[in-house]
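> Contents of target.cif (mmCIF, C-alpha atoms and all ligand atoms) are given next:
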data_protein
loop_
_atom_site.label_atom_id
_atom_site.label_comp_id
_atom_site.auth_asym_id
_atom_site.auth_seq_id
_atom_site.Cartn_x
_atom_site.Cartn_y
_atom_site.Cartn_z
CA MET A 1 54.27 205.52 137.90
CA PRO A 2 53.23 208.65 139.87
CA GLU A 3 51.11 208.14 143.00
CA HIS A 4 48.03 209.70 141.34
CA ALA A 5 48.27 207.57 138.18
CA PRO A 6 45.26 205.34 137.56
CA LEU A 7 45.54 201.82 138.95
CA PRO A 8 46.28 198.99 136.54
CA PRO A 9 43.31 196.95 135.30
CA PRO A 10 42.93 193.38 136.64
CA LEU A 11 45.72 191.04 135.57
CA ALA A 12 44.99 187.39 134.81
CA GLY A 13 47.51 184.59 134.60
CA THR A 14 48.60 181.13 135.67
CA VAL A 15 50.61 180.38 138.82
CA VAL A 16 54.02 178.90 137.92
CA HIS A 17 57.14 177.92 139.86
CA GLY A 18 59.51 180.80 140.77
CA ALA A 19 63.07 180.66 142.06
CA GLY A 20 61.69 179.01 145.23
CA ARG A 21 63.46 181.52 147.48
CA GLY A 22 60.33 183.10 148.97
CA LYS A 23 59.41 180.12 151.13
CA GLY A 24 62.92 179.98 152.63
CA LEU A 25 62.69 183.68 153.41
CA GLY A 26 59.42 183.13 155.27
CA PHE A 27 57.69 185.12 152.54
CA PRO A 28 56.10 182.60 150.20
CA THR A 29 54.93 184.03 146.90
CA ALA A 30 52.90 182.66 144.02
CA ASN A 31 54.58 183.55 140.73
CA LEU A 32 52.15 184.60 138.05
CA ALA A 33 52.71 184.04 134.32
CA PRO A 34 50.37 186.64 132.80
CA VAL A 35 48.08 185.61 129.97
CA PRO A 36 50.19 186.11 126.80
CA GLY A 37 49.64 189.51 125.24
CA THR A 38 48.49 191.24 128.46
CA VAL A 39 50.19 194.41 129.55
CA VAL A 40 52.04 193.87 132.84
CA PRO A 41 51.72 196.88 135.21
CA PRO A 42 54.84 198.97 135.83
CA PRO A 43 57.33 197.58 138.38
CA ALA A 44 56.28 198.47 141.96
CA ILE A 45 54.80 196.95 145.11
CA TYR A 46 50.99 196.89 145.08
CA SER A 47 48.11 196.00 147.37
CA GLY A 48 45.28 194.00 145.82
CA TRP A 49 42.82 191.12 145.80
CA LEU A 50 43.65 187.68 144.45
CA ALA A 51 40.59 186.00 142.89
CA ARG A 52 40.54 182.23 142.32
CA PRO A 53 37.85 181.27 139.82
CA ALA A 54 38.61 177.58 140.55
CA THR A 55 37.35 177.91 144.14
CA GLY A 56 35.37 181.17 144.04
CA GLY A 57 37.75 182.49 146.71
CA VAL A 58 38.94 186.09 146.98
CA HIS A 59 42.06 186.66 149.10
CA ARG A 60 44.03 189.61 150.50
CA ALA A 61 47.37 190.05 148.74
CA THR A 62 50.52 192.12 148.38
CA VAL A 63 52.10 192.01 144.94
CA SER A 64 55.69 192.61 143.83
CA ILE A 65 56.20 193.35 140.14
CA GLY A 66 59.84 193.75 139.13
CA THR A 67 63.19 192.12 138.51
CA ASN A 68 63.97 191.37 142.23
CA PRO A 69 66.98 193.75 142.09
CA THR A 70 68.05 192.79 145.64
CA PHE A 71 69.00 189.38 144.25
CA GLY A 72 70.26 190.66 140.88
CA ASP A 73 68.07 187.96 139.31
CA SER A 74 67.97 189.10 135.67
CA SER A 75 66.18 191.65 133.58
CA GLU A 76 63.09 189.41 133.57
CA VAL A 77 60.08 191.00 135.25
CA HIS A 78 58.42 188.75 137.85
CA VAL A 79 54.85 189.07 139.11
CA GLU A 80 54.89 187.68 142.67
CA VAL A 81 51.86 187.50 144.92
CA HIS A 82 52.08 187.10 148.69
CA CYS A 83 48.69 185.93 149.91
CA HIS A 84 47.85 187.08 153.47
CA ASP A 85 45.15 184.57 154.26
CA THR A 86 45.83 181.29 152.50
CA SER A 87 48.88 179.08 152.10
CA ASP A 88 47.11 176.87 149.56
CA ASP A 89 49.25 175.53 146.77
CA LEU A 90 48.12 177.51 143.72
CA TYR A 91 50.41 175.92 141.13
CA GLY A 92 48.77 175.56 137.74
CA GLU A 93 45.75 177.61 138.76
CA ARG A 94 44.43 180.52 136.73
CA VAL A 95 44.01 183.54 139.01
CA GLU A 96 43.22 187.26 138.72
CA LEU A 97 44.79 190.23 140.51
CA TRP A 98 42.61 193.24 141.26
CA PHE A 99 44.84 196.19 142.17
CA VAL A 100 43.81 198.44 145.06
CA ALA A 101 46.84 200.70 145.65
CA ARG A 102 50.44 201.22 144.64
CA LEU A 103 52.50 201.01 147.85
CA ARG A 104 56.04 201.95 146.79
CA ASP A 105 58.82 201.61 144.23
CA THR A 106 60.76 198.35 144.06
CA GLU A 107 64.12 198.83 145.81
CA ARG A 108 67.51 197.17 145.74
CA PHE A 109 68.08 196.44 149.45
CA ALA A 110 71.57 196.06 150.94
CA THR A 111 70.56 193.02 153.00
CA VAL A 112 67.87 190.35 152.91
CA ASP A 113 66.83 191.45 156.44
CA ALA A 114 66.14 194.96 155.14
CA LEU A 115 64.02 193.51 152.30
CA LEU A 116 62.06 191.35 154.76
CA ALA A 117 61.42 194.31 157.10
CA ALA A 118 60.12 196.37 154.16
CA ALA A 119 57.95 193.48 152.91
CA ARG A 120 56.42 193.01 156.38
CA GLU A 121 55.57 196.72 156.48
CA ASP A 122 54.07 196.46 152.95
CA VAL A 123 51.80 193.63 154.11
CA ARG A 124 50.73 195.60 157.18
CA ARG A 125 49.80 198.64 155.03
CA SER A 126 48.18 196.44 152.41
CA ASP A 127 46.00 194.71 155.03
CA ALA A 128 44.80 198.09 156.35
CA LEU A 129 44.04 199.35 152.84
CA LEU A 130 42.12 196.22 151.87
CA ALA A 131 39.98 196.52 155.03
CA SER A 132 39.21 200.21 154.31
CA PRO A 133 36.03 201.29 152.48
CA ALA A 134 38.04 201.97 149.29
CA GLY A 135 39.67 198.53 149.52
CA LEU A 136 36.35 196.76 150.05
CA ARG A 137 34.78 198.67 147.13
CA ALA A 138 37.57 197.38 144.86
CA ARG A 139 37.03 193.77 146.03
CA PRO A 140 35.74 191.64 143.15
CA THR A 141 32.56 189.73 143.91
CA ALA A 142 33.20 186.02 144.41
CA ALA A 143 35.22 184.74 141.49
CA THR A 144 33.13 182.56 139.17
CA PRO A 145 34.08 178.89 139.45
CA THR A 146 35.25 177.45 136.12
C1 LIG B 201 55.67 192.38 149.73
C2 LIG B 201 56.90 192.14 148.88
C3 LIG B 201 57.77 193.19 148.63
C4 LIG B 201 58.92 192.97 147.85
N1 LIG B 201 59.77 194.02 147.62
C5 LIG B 201 60.91 193.81 146.92
C6 LIG B 201 61.85 194.89 146.70
O1 LIG B 201 61.62 196.07 147.05
N2 LIG B 201 63.01 194.57 146.08
C7 LIG B 201 63.31 193.30 145.63
O2 LIG B 201 64.39 193.09 145.11
N3 LIG B 201 62.42 192.28 145.77
C8 LIG B 201 61.23 192.52 146.39
N4 LIG B 201 60.34 191.48 146.55
C9 LIG B 201 60.53 190.22 145.82
C10 LIG B 201 61.42 189.22 146.55
O3 LIG B 201 62.75 189.48 146.19
C11 LIG B 201 60.99 187.82 146.06
O4 LIG B 201 59.68 187.56 146.46
C12 LIG B 201 61.90 186.72 146.61
O5 LIG B 201 63.18 186.88 146.07
C13 LIG B 201 61.37 185.32 146.27
O6 LIG B 201 61.39 185.09 144.89
P1 LIG B 201 60.87 183.67 144.30
O7 LIG B 201 59.42 183.52 144.66
O8 LIG B 201 61.07 183.80 142.78
O9 LIG B 201 61.71 182.61 144.91
C14 LIG B 201 59.18 191.69 147.31
C15 LIG B 201 58.27 190.64 147.56
C16 LIG B 201 57.15 190.85 148.33
C17 LIG B 201 56.21 189.71 148.59
#
Now that the file is in, can you turn its structure into structure tokens?


Amino acid sequence: MPEHAPLPPPLAGTVVHGAGRGKGLGFPTANLAPVPGTVVPPPAIYSGWLARPATGGVHRATVSIGTNPTFGDSSEVHVEVHCHDTSDDLYGERVELWFVARLRDTERFATVDALLAAAREDVRRSDALLASPAGLRARPTAATPT
């Protein structure tokens, strides 16, 4: 997707168990199973807001959409959300992702350390973008409790 392409619309889904690697890497992610029939945005790393209708909370997030090529997982596309400001267990919850910016292409890194360094830089950029006027404009108003 080119840098100037329009951002994907919000993506809704349920948090499910992933490979469980993220926690061990010090980069916990919530794996999202999109609502069946929704179009998943093109593989890339994104900055966005995670809305939790169950609590009304809106959280800062960095999102990885792709096949995790560094680990040669499979051809299955994963939607993984790293939340900056909560470590709550989201399993089974229905959440929404509101995309704010596309940060970069997904890469196949030579080492896990290189992946972690890139992910840390993604989160730093994502945090700055979310705090900017454009990021705050894109913030959904408090998610409606269900
Ligand atoms: C900010 C961020 C950036 C990521 N970038 C990449 C990437 O460029 N290449 C890649 O193979 N995986 C990338 N990932 C995905 C990780 O490989 C994945 O989160 C990790 O393997 C844990 O997977 P699991 O939650 O299914 O256990 C990224 C994840 C995050 C949170």

> Return the single residue from A:Val15, A:Asp122, A:Leu32, A:Ala5 that is closest to ligand LIG 201 (chain B), with distances computed using all atoms listed in the file.

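Closest residue, counting all atoms listed in the file: A:Asp122.
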
> Mind giving me the straight-line distance from atom CA of A:Asp85 to atom CA of A:Arg60 in Å, one decimal?

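These atoms are spaced 6.4 Å apart.
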
> Between atom CA of A:Ala119 and atom CA of A:Ser47, what is the spacing in Å?

11.6 Å

> Would you tabulate, counting only C-alpha atoms and all ligand atoms, all residues of chain A that have an atom at most 7 Å from an atom of ligand LIG 201 (chain B), showing the closest pair of atoms and their distance in Å to one decimal, sorted by chain then ascending number, as a Markdown table?


| residue | atom | partner | partner_atom | distance |
| --- | --- | --- | --- | --- |
| A:Gly18 | CA | B:LIG201 | O8 | 3.9 |
| A:Ala19 | CA | B:LIG201 | O9 | 3.7 |
| A:Gly20 | CA | B:LIG201 | O9 | 3.6 |
| A:Arg21 | CA | B:LIG201 | O9 | 3.3 |
| A:Gly22 | CA | B:LIG201 | C13 | 3.6 |
| A:Phe27 | CA | B:LIG201 | C17 | 6.2 |
| A:Pro28 | CA | B:LIG201 | O7 | 6.5 |
| A:Thr29 | CA | B:LIG201 | O7 | 5.0 |
| A:Ala30 | CA | B:LIG201 | O7 | 6.6 |
| A:Asn31 | CA | B:LIG201 | O7 | 6.2 |
| A:Ile45 | CA | B:LIG201 | C3 | 5.9 |
| A:Thr62 | CA | B:LIG201 | C1 | 5.3 |
| A:Val63 | CA | B:LIG201 | C17 | 6.0 |
| A:Ser64 | CA | B:LIG201 | C15 | 4.9 |
| A:Thr67 | CA | B:LIG201 | O2 | 6.8 |
| A:Asn68 | CA | B:LIG201 | O2 | 3.4 |
| A:Pro69 | CA | B:LIG201 | O2 | 4.0 |
| A:Thr70 | CA | B:LIG201 | O2 | 3.7 |
| A:Phe71 | CA | B:LIG201 | O2 | 6.0 |
| A:Glu80 | CA | B:LIG201 | O4 | 6.1 |
| A:Val81 | CA | B:LIG201 | C17 | 6.1 |
| A:His82 | CA | B:LIG201 | C17 | 4.9 |
| A:Asp105 | CA | B:LIG201 | O1 | 6.8 |
| A:Thr106 | CA | B:LIG201 | O1 | 3.9 |
| A:Glu107 | CA | B:LIG201 | O1 | 3.9 |
| A:Arg108 | CA | B:LIG201 | O2 | 5.2 |
| A:Phe109 | CA | B:LIG201 | N2 | 6.4 |
| A:Leu115 | CA | B:LIG201 | C6 | 6.2 |
| A:Ala118 | CA | B:LIG201 | C3 | 6.8 |
| A:Ala119 | CA | B:LIG201 | C1 | 4.1 |
| A:Arg120 | CA | B:LIG201 | C1 | 6.7 |
| A:Asp122 | CA | B:LIG201 | C1 | 5.4 |
| A:Val123 | CA | B:LIG201 | C1 | 6.0 |

> Would you export the selected residues with C-alpha atoms as an mmCIF file, in the coordinates of the input, please?


data_model
loop_
_atom_site.group_PDB
_atom_site.id
_atom_site.type_symbol
_atom_site.label_atom_id
_atom_site.label_comp_id
_atom_site.auth_asym_id
_atom_site.auth_seq_id
_atom_site.Cartn_x
_atom_site.Cartn_y
_atom_site.Cartn_z
ATOM 1 C CA GLY A 18 59.510 180.800 140.770
ATOM 2 C CA ALA A 19 63.070 180.660 142.060
ATOM 3 C CA GLY A 20 61.690 179.010 145.230
ATOM 4 C CA ARG A 21 63.460 181.520 147.480
ATOM 5 C CA GLY A 22 60.330 183.100 148.970
ATOM 6 C CA PHE A 27 57.690 185.120 152.540
ATOM 7 C CA PRO A 28 56.100 182.600 150.200
ATOM 8 C CA THR A 29 54.930 184.030 146.900
ATOM 9 C CA ALA A 30 52.900 182.660 144.020
ATOM 10 C CA ASN A 31 54.580 183.550 140.730
ATOM 11 C CA ILE A 45 54.800 196.950 145.110
ATOM 12 C CA THR A 62 50.520 192.120 148.380
ATOM 13 C CA VAL A 63 52.100 192.010 144.940
ATOM 14 C CA SER A 64 55.690 192.610 143.830
ATOM 15 C CA THR A 67 63.190 192.120 138.510
ATOM 16 C CA ASN A 68 63.970 191.370 142.230
ATOM 17 C CA PRO A 69 66.980 193.750 142.090
ATOM 18 C CA THR A 70 68.050 192.790 145.640
ATOM 19 C CA PHE A 71 69.000 189.380 144.250
ATOM 20 C CA GLU A 80 54.890 187.680 142.670
ATOM 21 C CA VAL A 81 51.860 187.500 144.920
ATOM 22 C CA HIS A 82 52.080 187.100 148.690
ATOM 23 C CA ASP A 105 58.820 201.610 144.230
ATOM 24 C CA THR A 106 60.760 198.350 144.060
ATOM 25 C CA GLU A 107 64.120 198.830 145.810
ATOM 26 C CA ARG A 108 67.510 197.170 145.740
ATOM 27 C CA PHE A 109 68.080 196.440 149.450
ATOM 28 C CA LEU A 115 64.020 193.510 152.300
ATOM 29 C CA ALA A 118 60.120 196.370 154.160
ATOM 30 C CA ALA A 119 57.950 193.480 152.910
ATOM 31 C CA ARG A 120 56.420 193.010 156.380
ATOM 32 C CA ASP A 122 54.070 196.460 152.950
ATOM 33 C CA VAL A 123 51.800 193.630 154.110
#

> Just checking: using only C-alpha atoms, which residue out of A:Val77, A:Ala114, A:Cys83, A:Leu103 ends up closest to A:Leu7?

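So, comparing all the options, the nearest one is A:Leu103.
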
> Pick out the closest residue to A:Pro43 from this set: A:Val58, A:Arg94, A:Ser75, A:Gly26. Count all atoms listed in the file.

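The shortest atom-to-atom distance to A:Pro43 comes from A:Ser75.
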
> Kindly provide, as JSON, numbers by chain, the polymer residues lying within 8 Å of (47.7, 177.9, 135.6), counting all atoms listed in the file and using the coordinates exactly as they appear in the file.

{"A": [13, 14, 15, 16, 91, 92, 93, 94, 95]}

> Next, write the just-selected residues to a file, as a PDB file, in the frame of the given file, keeping C-alpha atoms as the atom set.


ATOM      1  CA  GLY A  13      47.510 184.590 134.600  1.00  0.00           C
ATOM      2  CA  THR A  14      48.600 181.130 135.670  1.00  0.00           C
ATOM      3  CA  VAL A  15      50.610 180.380 138.820  1.00  0.00           C
ATOM      4  CA  VAL A  16      54.020 178.900 137.920  1.00  0.00           C
ATOM      5  CA  TYR A  91      50.410 175.920 141.130  1.00  0.00           C
ATOM      6  CA  GLY A  92      48.770 175.560 137.740  1.00  0.00           C
ATOM      7  CA  GLU A  93      45.750 177.610 138.760  1.00  0.00           C
ATOM      8  CA  ARG A  94      44.430 180.520 136.730  1.00  0.00           C
ATOM      9  CA  VAL A  95      44.010 183.540 139.010  1.00  0.00           C
TER      10      VAL A  95
END

> If you measure from atom CA of A:Ser126 to atom CA of A:Ala44, what distance in Å do you get, rounded to one decimal?

13.4 Å

> Counting all atoms listed in the file, what is within 9 Å of A:Gly48, bar same-chain residues fewer than 4 positions away, as an NGL selection string?

:A and (59-63 or 97-102 or 126 or 129-130 or 135 or 138-139)

> Select, from A:Gly56, A:Thr38, A:His84, A:Leu90, the residue with the minimum atom-to-atom distance to A:His17, counting only C-alpha atoms.

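Among the listed residues, the smallest separation from A:His17 belongs to A:Leu90.
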